[in-house]
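Undergrad: Dumping the structure here so I can ask a few things about it.
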Amino acid sequence: MSRSRDFLAGRCFDPPSQSRWRASGVSPIGVPRLGRPIIGPMIRVIGLSIVVLGLASDPGARVVAADSKYAHSDSNARYIHHIDLYDINNRKITPESDQPYSPLNTCGRCHDYSAISHGWHFNAFMNDSVDGRPGEPWIWTDARTGTQLPLSYRDWKGSFDPGALGISRWEMTHQFGSRLAGGGVAVAPEDDAESKTATKPDADQEQSDAEANNAVTDSVKPNRWPLSGSIEIDCMVCHASSGVYDFNTRREQIEDENFAWAATAALRLGTVKGSVSRIKDGSDPSDESTQQKLPKVTYDARKFELDGTVFMDVIREPHNNACFQCHSQRTVTESGIEHRWMHDEDVHLRAGMQCVDCHRNGIEHHTVRGFEGEENPASSLNPTATSTLTCSGCHLGDEQNSSTIAARPGRLGAPYPHHQGLPPLHFDKLSCTACHGGPVPREEAVRIMTSLSHSLGSKEHRTGFELPAIAGPIYSKMKDGKIYPQRAIWPAFWGSLSDGKIQPLDPATTYDLTRRSLRVRRDFVEEIISPKLSSSDRKKILGDDRYKLPDEELTDEERDKLVTAQKEAGDESFHEKVAASLESLEKELKIETAVYVSSGFVYRRGEEEKTVTQVPRDEIQNAEAIEMTTWPIAHNVRPAGWALGVGGCTECHREDSVIFASTVQSIGPGPDQGTRVTMASLQGLDPNQSLVWNQLFVGRASFKYVMAASILVLCLILLVGVGAMASRLAGHHRHHPPTA
C-alpha cells in the first residue's frame, strides 16, 4: 500500500481529486469499477489531465536525468522488464483480472510520465510547446461527402483548428486515434474549463472563439468518454521490440471505440471481448446493464510468471517499423499505386542507419525533427548536439560553433559533400532536400499516399485514387525563402459563406444533414461525379449489338461517347444533389449561404432550382481557406548520383527542367479541376526572365568556346599590335639617333 501511495503522490495527484474518485466510484482513468455503484459522470480524468494538461502552467518544466527522482540504469545495455502490470483502477493485474492494463499506472511507476507528455507527439495542447515549421496535418476524410479537410491544433497555415469547427476531442480521437501514440487530444477532458486551459492561448479573437466553440461542442454532443475511456500515452507503441506490438489490432479496438482497451489488445496480453460502439448514446455508465456491455479482458495466463510479473520486451531506441506505422508514403501514377519493388530505400536506411539516429530525444521526448533553424527545447541543453542532426549539420558541420570537435562535419560517418562547381548562391536559394529528397521528380506532380492520411499498414483494397488527393513533389518556397520539395492538398469541405469569408462546417454534422439529399452509399466521386452508366444508357448510345461489349473492345469513338455521356450524367447529378444538400444545410443550421469547396472552387446554390454556381474569386476575402496547403518532404533521401544537378547546370537551368517547368494541378472530389501551373510560377519567378536565364545556360558550353576563341583572337591582335608598335619604335631610333 505504501508503494501505491508513493506512486500517486509522485504523480502529483491532488487529494481532493482522489477523494472525488473514491466518492464516485470512478477509476482515475475514467473506466468504471465493475460491480460498484457509480455516482456522477463516469469520466473524470482529474489525475491524468493534471499530468498531461496541467503542465501547461509550468512552461519551464524540463527533466534532466540526474535531477529526476526516478531510478535510471545509465547503461547502454537493455534493462530487462519483468514487471507487475496495473490496470486502469491502479490495481495489480492477475490472470483473473478483467480490466485493461494501464500504461500510466504501469510504466509511470518507474518513468516520468509527466516529462514524457511534453514530447512532440503529445504536446499540441501545451502552452510551452513550439509549433515549428508545418508538418502533415490531420486530414478529416469522408468519401461519402467528398470531404478532405486539413486540421491541426498547431498554428500552421492552411490547417483549420478542430475546435473552431465544432469538432470535439473525442471525435478527433476516434477519427485519428489509430495514428496517435496517446495522450493529448486522446485524453478525456474533466470539464470545459480544462478543455480551454489545454488549448494553446492566443491573443487573436478568432482563437478565443475556437475555444468557446470547442467547449460548447463537447458539452452538446453525446459524451462517450465515460464509455470509451482515454488513450493514455502508450510507451510500447514505440518501445516494444519489433514484431511484438500488433498495430492492426490496436486500430480495430480504437475503431470500435475501445480506447482504454487498445493497449492491452495490441500487446496480446489477452483477448478483449465487447465493443463500446454498440452501446447507445446517453447510456448510464453506472447502470449494471451498461457495465455488462463494456468490453472485458481475458488475460493470457501464460504471460504471467510465478511471481505474478510479466515480461515486457522493451527496447530503448524504437525500431524503424514503429516509425513506419505513421511515417511512410507511396506514389501513385495514372496506372495506380507504384509497386514497392520499384522504389529505392532512403539512402541512410540503406546504409544501415535507424530513424532514431537522427530523430533523437531525451526523457522529455522532444524529438529532433532535423530541419534547419529548428527551435527544439532540447537545444538549451546542448545546442550543437541538435544543430548537427540536420542535413548540413551532419555533412558540413555547424559553422557557428566550428571551434568544437562536436561541430565538425562527418557526424555518424556522413561524407563531406564538396559540390564542386556549384556556386554558393545555390545554398541560399535551395534546401538540401530540393536536390536530394523526396520522390524522383517528373514532368507532372503525382499523387502521394501517406500513412497518416490513407491508413497505410492496415489491410485494405486500395486503388491509389482514394481521398484525400495529395500531390507532390511541389517545388515552392517556404518562410526562409528557400525552395523545398513539398506535398500539397486542396481542401474540400462543406461550409458557410458570410461577409465574404468561408468557414468549414463540422464534417460529422454535415454528413448527418446531407445524407438523405446526397444519397451516397460509399463514394461521392464514383456515385455523383462519375456515375456508372446503366445498361439502358449504354444501349441508347452504342446500340443493341454493341452495348454489352467490354470497354476495351469498343472503338475510340464509342469510348468517347460513353465518357461524354458519363460526364453529362455526373454534371446533372452534381447540380441536383449538391443544390439540395446546400439547401438542407442552410435550413437546418440557420446559415445564409452554404457552400461546397473543392480544388479551389466554391459552389453555392444557383438562382434556378436544382443548380449550383461558382462563387467568383473576388468575392472571397479569406482565399487561403480554399487554396493549396503544403508541407515539406524530407525522405526518402536519394543518393548523390540521383541528386538534381549532377547532370550539369542545364539539368535545372533549361526550359523543361523539373524543378521549374514541371507542373501541378489542383485535384479534389469536385467536378472541376484547376489549370496546371508550373513550379516556377509557384516560386514567384518571372516567366520571361526565367526563359532568358535558362537559354543562356543552354548555350553556355558553346558560349565558353566562343569566348575562348574571341580571347585568343584578341590576344593575337594585341600581339600583332604590340609587334608593330615595337617595330616602329625601333625604326624611329635608327633614323633619328639620340644626340650627345
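Going through the C-alpha cells in order, the chains are called A, B, and so on, while each chain numbers its residues from 1 and the ligands are numbered from 1 in the order shown.
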Write out as a VMD selection string each polymer residue whose atoms come within 12 Å of A:Glu627, counting only C-alpha atoms; drop sequence neighbours fewer than 2 positions from it.

TA: chain A and resid 149 to 150 157 to 159 488 to 492 502 597 to 602 617 620 622 to 625 629 to 630 665 to 668 674

Undergrad: Please identify the alpha helix (DSSP H) residues within stretch 277-431 of chain A (assignment by DSSP from backbone atoms) and present them as a PyMOL selection string.

TA: chain A and resi 288-293+320-324+347-350+355-358+383-387+391-395+425-429

Undergrad: Could you tell me how far atom CA of A:Thr555 lies from atom CA of A:Leu542, in Å and to one decimal?

TA: 10.5 Å

Undergrad: Ranking A:Lys532, A:His239, A:Arg369, A:His121 by minimum distance to A:Ala186 and counting only C-alpha atoms, which one comes first?

TA: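 Ranking A:Lys532, A:His239, A:Arg369, A:His121 by distance to A:Ala186, first place goes to A:His121.
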
Undergrad: Using only C-alpha atoms, determine which residues lie at most 10 Å from A:Arg462, disregarding the query and same-chain residues fewer than 6 positions distant; provide the list as a ChimeraX atom specification.

TA: /A:336-337,454,456

Undergrad: For stretch 171-173 of chain A, list every protein, DNA or RNA residue within 7 Å, evaluated using only C-alpha atoms, and leave out those in the same chain fewer than 4 positions away; present the list as a list in words.

TA: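 After dropping sequence-adjacent residues, the list is Ile167, Gly177, Val185 and Ala186 of chain A.
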
Undergrad: Determine, for each residue of stretch 248-366 of chain A having at least one atom at most 10 Å from an atom of stretch 407-416 of chain A, the closest pair of atoms and their separation in Å to one decimal, counting only C-alpha atoms; order by chain and ascending number, as JSON lines.

TA:
```
{"residue": "A:His348", "atom": "CA", "partner": "A:Ala414", "partner_atom": "CA", "distance": 9.5}
{"residue": "A:Met353", "atom": "CA", "partner": "A:Leu412", "partner_atom": "CA", "distance": 9.0}
{"residue": "A:Asp357", "atom": "CA", "partner": "A:Leu412", "partner_atom": "CA", "distance": 8.3}
{"residue": "A:Cys358", "atom": "CA", "partner": "A:Leu412", "partner_atom": "CA", "distance": 9.1}
```

Undergrad: Restricting it to N, CA and C atoms, dump the selection as a compact mmCIF listing (two decimals), in the first residue's frame.

TA:
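Ended up saving to result18.txt:
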```txt
# COMPACT_ATOMS: atom_id res chain seq x y z
N HIS A 348 20.04 6.67 -46.29
CA HIS A 348 20.55 6.49 -44.93
C HIS A 348 20.14 5.14 -44.36
N MET A 353 21.46 2.82 -41.14
CA MET A 353 21.05 3.72 -40.07
C MET A 353 19.61 3.45 -39.66
N ASP A 357 18.58 7.50 -35.25
CA ASP A 357 19.95 8.00 -35.28
C ASP A 357 19.97 9.51 -35.46
N CYS A 358 19.02 10.03 -36.23
CA CYS A 358 18.92 11.48 -36.43
C CYS A 358 17.78 12.09 -35.62
```

Undergrad: Neighbours of A:Gln253 within 9 Å (only C-alpha atoms; same-chain residues fewer than 2 positions away dropped), as a list of chain:residue names?

TA: A:Ser178, A:Asn248, A:Thr249, A:Arg250, A:Arg251, A:Glu255, A:Asp256, A:Glu257, A:Asn258, A:Phe259, A:Ala260, A:Trp261, A:Ala262, A:Ala263, A:Ala265, A:Ala266, A:Val272, A:Ser275

Undergrad: Find the residues around A:Pro671 up to 12 Å (only C-alpha atoms counted), leave out those fewer than 4 positions away in its own chain, and share them as an NGL selection string.

TA: :A and (146 or 492 or 524-526 or 528-531 or 566-575 or 578 or 596-603 or 612 or 614 or 666-667)

Undergrad: So which residues touch stretch 585-590 of chain A within 8 Å, counting only C-alpha atoms, skipping near sequence neighbours fewer than 6 positions away, as number ranges by chain?

TA: A: 510, 513-514
